[in-house]
>>> print(open('input.csv').read())   # CSV, C-alpha atoms
chain,number,residue,atom,x,y,z
A,8,MET,CA,-30.5,-23.9,30.1
A,9,PRO,CA,-28.1,-22.1,27.8
A,10,ASN,CA,-25.9,-19.4,29.3
A,11,ILE,CA,-25.6,-17.1,26.3
A,12,THR,CA,-24.1,-13.6,26.1
A,13,LEU,CA,-24.2,-11.6,22.9
A,14,HIS,CA,-21.7,-8.7,22.4
A,15,ARG,CA,-23.5,-6.5,19.9
A,16,VAL,CA,-24.1,-3.1,18.4
A,17,THR,CA,-27.8,-2.5,17.8
A,18,LEU,CA,-27.3,-0.6,14.6
A,19,SER,CA,-25.2,-3.4,13.1
A,20,GLY,CA,-26.9,-5.7,10.7
A,21,HIS,CA,-24.3,-8.4,11.6
A,22,SER,CA,-25.5,-8.2,15.2
A,23,HIS,CA,-29.1,-8.0,14.2
A,24,ARG,CA,-29.0,-11.3,12.3
A,25,VAL,CA,-27.7,-13.1,15.3
A,26,GLU,CA,-30.0,-11.4,17.8
A,27,THR,CA,-33.0,-12.1,15.6
A,28,PHE,CA,-32.1,-15.8,15.4
A,29,LEU,CA,-31.8,-16.0,19.2
A,30,HIS,CA,-35.4,-14.5,19.4
A,31,LEU,CA,-36.7,-16.9,16.7
A,32,LEU,CA,-35.2,-19.8,18.6
A,33,GLY,CA,-36.6,-18.6,21.9
A,34,LEU,CA,-33.2,-18.6,23.6
A,35,PRO,CA,-32.6,-16.4,26.6
A,36,TYR,CA,-29.4,-14.3,26.4
A,37,THR,CA,-27.6,-11.4,28.0
A,38,ALA,CA,-26.9,-8.5,25.6
A,39,VAL,CA,-23.7,-6.5,26.0
A,40,ASP,CA,-23.5,-3.3,24.0
A,41,VAL,CA,-20.0,-2.6,22.5
A,42,ASP,CA,-19.2,1.1,22.3
A,43,LEU,CA,-17.6,1.2,18.8
A,44,LEU,CA,-17.5,5.0,18.7
A,45,HIS,CA,-15.2,5.1,21.6
A,46,GLY,CA,-13.1,2.2,20.5
A,47,ALA,CA,-14.2,-0.5,22.9
A,48,HIS,CA,-13.8,-3.1,20.1
A,49,ARG,CA,-10.0,-2.3,20.1
A,50,GLN,CA,-9.4,-2.7,23.8
A,51,PRO,CA,-7.6,-5.8,25.0
A,52,ALA,CA,-10.6,-7.2,26.8
A,53,PHE,CA,-12.7,-7.3,23.6
A,54,LEU,CA,-9.8,-8.4,21.4
A,55,GLU,CA,-9.5,-11.5,23.7
A,56,LEU,CA,-13.0,-12.4,22.6
A,57,ASN,CA,-12.4,-11.5,18.9
A,58,PRO,CA,-8.9,-10.7,17.7
A,59,PHE,CA,-10.5,-9.1,14.6
A,60,GLY,CA,-12.2,-6.5,16.7
A,61,GLU,CA,-15.6,-7.0,15.2
A,62,VAL,CA,-19.1,-7.5,16.5
A,63,PRO,CA,-21.0,-9.7,17.2
A,64,VAL,CA,-19.4,-12.1,19.5
A,65,LEU,CA,-21.4,-14.9,21.1
A,66,GLN,CA,-20.5,-16.7,24.3
A,67,ASP,CA,-22.3,-19.9,25.1
A,68,GLY,CA,-21.0,-21.3,28.3
A,69,ASP,CA,-17.3,-21.9,27.7
A,70,LEU,CA,-17.5,-21.3,24.0
A,71,THR,CA,-16.6,-18.0,22.5
A,72,LEU,CA,-17.5,-17.6,18.8
A,73,ALA,CA,-17.1,-14.6,16.5
A,74,ASP,CA,-18.4,-13.9,12.9
A,75,SER,CA,-22.1,-13.5,12.5
A,76,ASN,CA,-22.5,-16.2,9.9
A,77,ALA,CA,-20.5,-18.7,11.8
A,78,ILE,CA,-22.7,-17.9,14.8
A,79,LEU,CA,-25.8,-18.5,12.8
A,80,VAL,CA,-24.5,-21.9,11.6
A,81,TYR,CA,-23.6,-22.8,15.2
A,82,LEU,CA,-27.0,-21.8,16.7
A,83,ALA,CA,-28.8,-23.7,13.9
A,84,ALA,CA,-26.9,-26.8,14.5
A,85,ARG,CA,-26.9,-26.6,18.3
A,86,TYR,CA,-30.4,-25.3,19.0
A,87,GLY,CA,-32.3,-25.1,15.7
A,88,GLY,CA,-33.7,-28.6,15.5
A,89,PRO,CA,-35.0,-29.9,12.2
A,90,ARG,CA,-36.7,-26.6,11.4
A,91,TRP,CA,-33.5,-24.6,11.2
A,92,HIS,CA,-30.6,-27.2,11.0
A,93,VAL,CA,-30.5,-27.9,7.3
A,94,THR,CA,-28.7,-31.2,6.5
A,95,ASP,CA,-29.7,-32.1,2.9
A,96,PRO,CA,-26.5,-31.6,0.9
A,97,VAL,CA,-28.2,-29.5,-1.8
A,98,ALA,CA,-30.0,-27.4,0.8
A,99,VAL,CA,-26.8,-26.9,2.7
A,100,ALA,CA,-25.0,-25.7,-0.4
A,101,ARG,CA,-27.8,-23.2,-1.3
A,102,VAL,CA,-27.7,-21.8,2.2
A,103,GLN,CA,-23.9,-21.5,2.1
A,104,ARG,CA,-24.1,-19.7,-1.2
A,105,TRP,CA,-26.3,-17.0,0.3
A,106,LEU,CA,-24.2,-16.8,3.5
A,107,SER,CA,-21.3,-16.0,1.1
A,108,VAL,CA,-23.4,-13.3,-0.5
A,109,ALA,CA,-24.1,-11.8,2.9
A,110,ALA,CA,-20.3,-11.7,3.6
A,111,GLY,CA,-19.5,-10.3,0.2
A,112,GLU,CA,-21.8,-8.5,-2.1
A,113,LEU,CA,-24.3,-7.5,0.6
A,114,ARG,CA,-21.7,-6.2,3.0
A,115,PHE,CA,-19.7,-4.3,0.4
A,116,GLY,CA,-22.8,-3.0,-1.4
A,117,PRO,CA,-25.9,-2.0,0.6
A,118,GLY,CA,-24.0,-2.5,3.9
A,119,LEU,CA,-21.1,-0.2,3.1
A,120,ALA,CA,-23.3,2.4,1.4
A,121,ARG,CA,-25.4,2.6,4.7
A,122,VAL,CA,-22.3,2.9,6.8
A,123,ALA,CA,-21.0,5.7,4.5
A,124,VAL,CA,-24.2,7.7,4.9
A,125,LEU,CA,-25.0,7.0,8.6
A,126,PHE,CA,-21.5,7.8,9.7
A,127,LYS,CA,-20.6,10.4,7.1
A,128,LYS,CA,-17.7,8.4,5.8
A,129,PRO,CA,-15.7,10.0,3.0
A,130,MET,CA,-16.5,7.4,0.4
A,131,ASP,CA,-17.7,7.6,-3.2
A,132,LEU,CA,-21.3,6.4,-2.9
A,133,ALA,CA,-21.9,5.9,-6.7
A,134,PRO,CA,-20.1,2.6,-7.1
A,135,LEU,CA,-21.6,1.3,-3.8
A,136,ILE,CA,-25.1,2.2,-5.0
A,137,GLU,CA,-24.4,0.6,-8.4
A,138,ARG,CA,-23.1,-2.6,-6.7
A,139,SER,CA,-26.2,-2.6,-4.5
A,140,HIS,CA,-28.6,-2.5,-7.4
A,141,VAL,CA,-26.8,-5.4,-9.2
A,142,LEU,CA,-27.3,-7.5,-6.0
A,143,LEU,CA,-30.9,-6.4,-5.5
A,144,GLY,CA,-31.6,-7.3,-9.1
A,145,LEU,CA,-30.2,-10.8,-8.6
A,146,MET,CA,-32.3,-11.2,-5.4
A,147,GLU,CA,-35.4,-10.0,-7.2
A,148,ARG,CA,-34.9,-12.7,-9.9
A,149,GLN,CA,-34.2,-15.4,-7.3
A,150,LEU,CA,-37.2,-14.5,-5.3
A,151,ALA,CA,-39.4,-14.7,-8.4
A,152,LYS,CA,-38.7,-18.5,-8.3
A,153,ARG,CA,-39.2,-19.2,-4.6
A,154,PRO,CA,-40.4,-17.4,-1.4
A,155,PHE,CA,-37.1,-17.4,0.4
A,156,LEU,CA,-33.5,-17.2,-0.9
A,157,ALA,CA,-32.6,-20.9,-0.4
A,158,GLY,CA,-36.0,-22.6,-0.7
A,159,ASP,CA,-39.6,-22.6,0.3
A,160,GLU,CA,-38.9,-21.9,4.0
A,161,ALA,CA,-36.8,-19.3,5.8
A,162,THR,CA,-33.3,-20.3,6.6
A,163,ILE,CA,-30.3,-18.6,8.2
A,164,ALA,CA,-29.5,-17.4,4.7
A,165,ASP,CA,-32.5,-15.1,4.8
A,166,LEU,CA,-31.6,-13.8,8.3
A,167,ALA,CA,-28.0,-13.1,7.1
A,168,ASN,CA,-29.2,-11.1,4.1
A,169,TYR,CA,-32.2,-9.3,5.6
A,170,ALA,CA,-31.0,-6.3,7.6
A,171,TYR,CA,-28.7,-4.6,5.1
A,172,SER,CA,-31.0,-5.2,2.2
A,173,ALA,CA,-34.0,-4.0,4.2
A,174,ARG,CA,-32.2,-0.8,5.2
A,175,ALA,CA,-30.6,-0.2,1.8
A,176,PRO,CA,-32.5,3.2,1.6
A,177,GLU,CA,-30.4,4.4,4.5
A,178,GLY,CA,-27.5,4.2,2.1
A,179,HIS,CA,-29.5,6.0,-0.7
A,180,VAL,CA,-30.3,2.7,-2.4
A,181,SER,CA,-33.9,2.7,-3.4
A,182,LEU,CA,-36.0,-0.5,-3.1
A,183,ALA,CA,-38.8,0.9,-5.4
A,184,ASP,CA,-37.9,-1.4,-8.3
A,185,TYR,CA,-37.8,-4.6,-6.2
A,186,PRO,CA,-41.3,-5.7,-5.2
A,187,LYS,CA,-40.3,-9.3,-4.6
A,188,VAL,CA,-37.4,-8.2,-2.4
A,189,ARG,CA,-39.8,-6.1,-0.4
A,190,ALA,CA,-42.3,-8.9,-0.1
A,191,TRP,CA,-39.5,-11.2,1.1
A,192,HIS,CA,-38.6,-8.6,3.7
A,193,ALA,CA,-42.3,-8.7,4.9
A,194,ARG,CA,-42.2,-12.5,5.1
A,195,ILE,CA,-39.1,-12.5,7.3
A,196,GLU,CA,-40.7,-9.8,9.5
A,197,ALA,CA,-43.7,-12.0,9.9
A,198,LEU,CA,-41.7,-14.9,11.4
A,199,PRO,CA,-42.8,-15.6,15.0
A,200,GLY,CA,-40.4,-13.9,17.3
A,201,PHE,CA,-38.8,-11.6,14.7
A,202,LEU,CA,-36.8,-8.8,16.2
A,203,PRO,CA,-37.3,-5.4,14.4
A,204,PHE,CA,-34.2,-3.8,13.1
A,205,PRO,CA,-34.0,-0.1,14.1
A,206,VAL,CA,-34.9,2.3,11.4
A,207,MET,CA,-32.7,5.4,11.0
A,208,PRO,CA,-34.1,8.6,9.5
A,209,VAL,CA,-31.1,9.1,7.2
A,210,GLY,CA,-31.9,8.3,3.6
A,211,LEU,CA,-35.4,7.1,4.1
A,212,ASN,CA,-36.7,9.4,1.4
A,213,ALA,CA,-34.9,7.1,-1.1
A,214,ALA,CA,-37.4,4.3,-0.3
>>> encode(input="input.csv", output="structure tokens")
Amino acid sequence: MPNITLHRVTLSGHSHRVETFLHLLGLPYTAVDVDLLHGAHRQPAFLELNPFGEVPVLQDGDLTLADSNAILVYLAARYGGPRWHVTDPVAVARVQRWLSVAAGELRFGPGLARVAVLFKKPMDLAPLIERSHVLLGLMERQLAKRPFLAGDEATIADLANYAYSARAPEGHVSLADYPKVRAWHARIEALPGFLPFPVMPVGLNAA
């Protein structure tokens, strides 16, 4: 039986992608909430787990692993079986491409716009919103070709890109022009064991 602890923030899309995967895999775990607002992520005890001071952090027995995408890759390989552990070289490359998008365009587009609005950060929203629409347009075209980002079945690429795109309206990024993206969100939410991501009231009138 795995002995898994997840250090998380429930409003973090990075945490959500890992916690959702744990639920999809049916893996028991202990959740530890990290108080970012009071700087718990900067304290020596947490920095021992992740010197970058970011959530999530996964502990699995003696293993401590940070970075949400790295954790997804580990869980898929360790516990995902043939359903989630992609091994075909082309499929692996397609998944990795979208993991890179999650760490780049998604994080610094919809993800950052959401942070700016929810936490009232003094940022210029306009370029973040513009960047978000460029990404969502690309996703819309990709999802016109296949039901999921990397193929015909959900992969960790979809989990990595779900939360911040689904909650884009919380950063004043409308999803109205992206029906295929919204349908993709619904397909992910329909996966057995899916864990809902909390909806914040801020910005929802942009939906």
>>> atom_distance(input="input.csv", atom1="CA of Gly87 (chain A)", atom2="CA of Leu32 (chain A)")
6.7 Å
>>> closest_residue(input="input.csv", among="A:Leu34, A:Val188, A:Val25, A:Met207", to="Ile78 (chain A)", atoms="all atoms listed in the file")
A:Val25
>>> residues_near_point(input="input.csv", point="(-32.2, -19.2, 2.8)", cutoff="8 Å", atoms="only C-alpha atoms", output="JSON, numbers by chain")
{"A": [101, 102, 105, 155, 156, 157, 158, 160, 161, 162, 163, 164, 165, 166]}
>>> write_last_selection(input="input.csv", atoms="C-alpha atoms", output="mmCIF file, in the frame of the given file")
data_model
loop_
_atom_site.group_PDB
_atom_site.id
_atom_site.type_symbol
_atom_site.label_atom_id
_atom_site.label_comp_id
_atom_site.auth_asym_id
_atom_site.auth_seq_id
_atom_site.Cartn_x
_atom_site.Cartn_y
_atom_site.Cartn_z
ATOM 1 C CA ARG A 101 -27.800 -23.200 -1.300
ATOM 2 C CA VAL A 102 -27.700 -21.800 2.200
ATOM 3 C CA TRP A 105 -26.300 -17.000 0.300
ATOM 4 C CA PHE A 155 -37.100 -17.400 0.400
ATOM 5 C CA LEU A 156 -33.500 -17.200 -0.900
ATOM 6 C CA ALA A 157 -32.600 -20.900 -0.400
ATOM 7 C CA GLY A 158 -36.000 -22.600 -0.700
ATOM 8 C CA GLU A 160 -38.900 -21.900 4.000
ATOM 9 C CA ALA A 161 -36.800 -19.300 5.800
ATOM 10 C CA THR A 162 -33.300 -20.300 6.600
ATOM 11 C CA ILE A 163 -30.300 -18.600 8.200
ATOM 12 C CA ALA A 164 -29.500 -17.400 4.700
ATOM 13 C CA ASP A 165 -32.500 -15.100 4.800
ATOM 14 C CA LEU A 166 -31.600 -13.800 8.300
#
>>> closest_residue(input="input.csv", among="A:Pro205, A:Glu147, A:Gly111, A:Asp159", to="Ala190 (chain A)", atoms="all atoms listed in the file")
A:Glu147
>>> closest_residue(input="input.csv", among="A:Pro154, A:Pro35, A:Pro199, A:Gly20", to="Leu113 (chain A)", atoms="all atoms listed in the file")
A:Gly20
>>> residues_around(input="input.csv", residues="Gly68 (chain A)", least_positions_apart="4", cutoff="12 Å", atoms="only C-alpha atoms", output="PyMOL selection string")
chain A and resi 8-13+36-37+72
>>> write_last_selection(input="input.csv", atoms="C-alpha atoms", output="compact mmCIF listing (two decimals), keeping the file's coordinate frame")
# COMPACT_ATOMS: atom_id res chain seq x y z
CA MET A 8 -30.50 -23.90 30.10
CA PRO A 9 -28.10 -22.10 27.80
CA ASN A 10 -25.90 -19.40 29.30
CA ILE A 11 -25.60 -17.10 26.30
CA THR A 12 -24.10 -13.60 26.10
CA LEU A 13 -24.20 -11.60 22.90
CA TYR A 36 -29.40 -14.30 26.40
CA THR A 37 -27.60 -11.40 28.00
CA LEU A 72 -17.50 -17.60 18.80
>>> atom_distance(input="input.csv", atom1="CA of Asp42 (chain A)", atom2="CA of Ala73 (chain A)")
16.9 Å
>>> closest_residue(input="input.csv", among="A:Ile136, A:Val62, A:Ala151, A:Val206", to="Asn76 (chain A)", atoms="all atoms listed in the file")
A:Val62
>>> residues_around(input="input.csv", residues="Asp131 (chain A)", least_positions_apart="5", cutoff="12 Å", atoms="all atoms listed in the file", output="JSON, numbers by chain")
{"A": [116, 119, 120, 122, 123, 124, 136, 137, 178]}
>>> atom_distance(input="input.csv", atom1="CA of Gly200 (chain A)", atom2="CA of Val64 (chain A)")
21.2 Å
>>> closest_residue(input="input.csv", among="A:Leu43, A:Leu18, A:Leu31, A:Ala133", to="Val180 (chain A)", atoms="only C-alpha atoms")
A:Ala133
>>> residues_around(input="input.csv", residues="Thr17 (chain A)", least_positions_apart="6", cutoff="9 Å", atoms="only C-alpha atoms", output="list of chain:residue names")
A:His23, A:Asp40, A:Phe204, A:Pro205
>>> residues_around(input="input.csv", residues="Tyr169 (chain A)", least_positions_apart="4", cutoff="9 Å", atoms="all atoms listed in the file", output="list in words")
Gly20, Arg24, Ala109, Ala164, Asp165, Ala173, Arg174, Trp191, His192 and Ile195 of chain A
>>> closest_residue(input="input.csv", among="A:Arg15, A:Lys152, A:Arg104, A:His140", to="Asn168 (chain A)", atoms="only C-alpha atoms")
A:Arg104
>>> build_atoms(input="input.csv", residues="region 113-136 of chain A", atoms="N, CA, C and O atoms", output="compact mmCIF listing (two decimals), in the coordinates of the input")
# COMPACT_ATOMS: atom_id res chain seq x y z
N LEU A 113 -23.39 -8.26 -0.28
CA LEU A 113 -24.30 -7.50 0.60
C LEU A 113 -23.49 -6.54 1.49
O LEU A 113 -23.83 -5.36 1.61
N ARG A 114 -22.47 -7.06 2.10
CA ARG A 114 -21.70 -6.20 3.00
C ARG A 114 -21.04 -5.06 2.31
O ARG A 114 -21.04 -3.93 2.83
N PHE A 115 -20.50 -5.31 1.13
CA PHE A 115 -19.70 -4.30 0.40
C PHE A 115 -20.58 -3.52 -0.61
O PHE A 115 -20.04 -2.73 -1.37
N GLY A 116 -21.88 -3.78 -0.60
CA GLY A 116 -22.80 -3.00 -1.40
C GLY A 116 -23.73 -2.22 -0.51
O GLY A 116 -23.35 -1.16 -0.01
N PRO A 117 -24.95 -2.70 -0.24
CA PRO A 117 -25.90 -2.00 0.60
C PRO A 117 -25.31 -1.70 2.03
O PRO A 117 -25.55 -0.63 2.60
N GLY A 118 -24.59 -2.68 2.58
CA GLY A 118 -24.00 -2.50 3.90
C GLY A 118 -23.07 -1.34 4.01
O GLY A 118 -23.16 -0.48 4.90
N LEU A 119 -22.15 -1.28 3.07
CA LEU A 119 -21.10 -0.20 3.10
C LEU A 119 -21.72 1.12 2.71
O LEU A 119 -21.31 2.16 3.26
N ALA A 120 -22.68 1.15 1.79
CA ALA A 120 -23.30 2.40 1.40
C ALA A 120 -24.05 2.98 2.67
O ALA A 120 -24.01 4.20 2.92
N ARG A 121 -24.69 2.11 3.45
CA ARG A 121 -25.40 2.60 4.70
C ARG A 121 -24.39 3.13 5.67
O ARG A 121 -24.64 4.18 6.29
N VAL A 122 -23.28 2.45 5.86
CA VAL A 122 -22.30 2.90 6.80
C VAL A 122 -21.76 4.32 6.34
O VAL A 122 -21.59 5.24 7.15
N ALA A 123 -21.52 4.46 5.03
CA ALA A 123 -21.00 5.70 4.50
C ALA A 123 -21.95 6.88 4.79
O ALA A 123 -21.51 7.97 5.16
N VAL A 124 -23.26 6.63 4.65
CA VAL A 124 -24.20 7.70 4.90
C VAL A 124 -24.46 7.95 6.36
O VAL A 124 -24.41 9.09 6.83
N LEU A 125 -24.69 6.88 7.14
CA LEU A 125 -25.00 7.00 8.60
C LEU A 125 -23.88 7.69 9.33
O LEU A 125 -24.10 8.50 10.23
N PHE A 126 -22.65 7.31 8.98
CA PHE A 126 -21.50 7.80 9.70
C PHE A 126 -20.67 8.80 8.98
O PHE A 126 -19.55 9.12 9.36
N LYS A 127 -21.25 9.31 7.88
CA LYS A 127 -20.60 10.40 7.10
C LYS A 127 -19.17 10.06 6.73
O LYS A 127 -18.26 10.87 6.90
N LYS A 128 -18.99 8.85 6.23
CA LYS A 128 -17.70 8.40 5.80
C LYS A 128 -17.31 9.05 4.45
O LYS A 128 -18.17 9.17 3.58
N PRO A 129 -16.06 9.43 4.27
CA PRO A 129 -15.70 10.00 3.00
C PRO A 129 -15.46 9.00 1.90
O PRO A 129 -14.35 8.67 1.51
N MET A 130 -16.57 8.46 1.43
CA MET A 130 -16.50 7.40 0.40
C MET A 130 -17.28 7.89 -0.84
O MET A 130 -18.20 8.71 -0.74
N ASP A 131 -16.94 7.34 -1.97
CA ASP A 131 -17.70 7.60 -3.20
C ASP A 131 -18.89 6.65 -3.20
O ASP A 131 -18.74 5.43 -3.35
N LEU A 132 -20.07 7.24 -3.04
CA LEU A 132 -21.30 6.40 -2.90
C LEU A 132 -21.67 5.77 -4.26
O LEU A 132 -22.27 4.69 -4.26
N ALA A 133 -21.36 6.39 -5.37
CA ALA A 133 -21.90 5.90 -6.70
C ALA A 133 -21.57 4.45 -6.94
O ALA A 133 -22.49 3.69 -7.29
N PRO A 134 -20.32 4.00 -6.80
CA PRO A 134 -20.10 2.60 -7.10
C PRO A 134 -20.73 1.65 -6.07
O PRO A 134 -21.11 0.52 -6.41
N LEU A 135 -20.89 2.11 -4.84
CA LEU A 135 -21.60 1.30 -3.80
C LEU A 135 -23.04 1.13 -4.17
O LEU A 135 -23.60 0.04 -4.03
N ILE A 136 -23.65 2.22 -4.61
CA ILE A 136 -25.10 2.20 -5.00
C ILE A 136 -25.25 1.29 -6.23
O ILE A 136 -26.17 0.47 -6.29
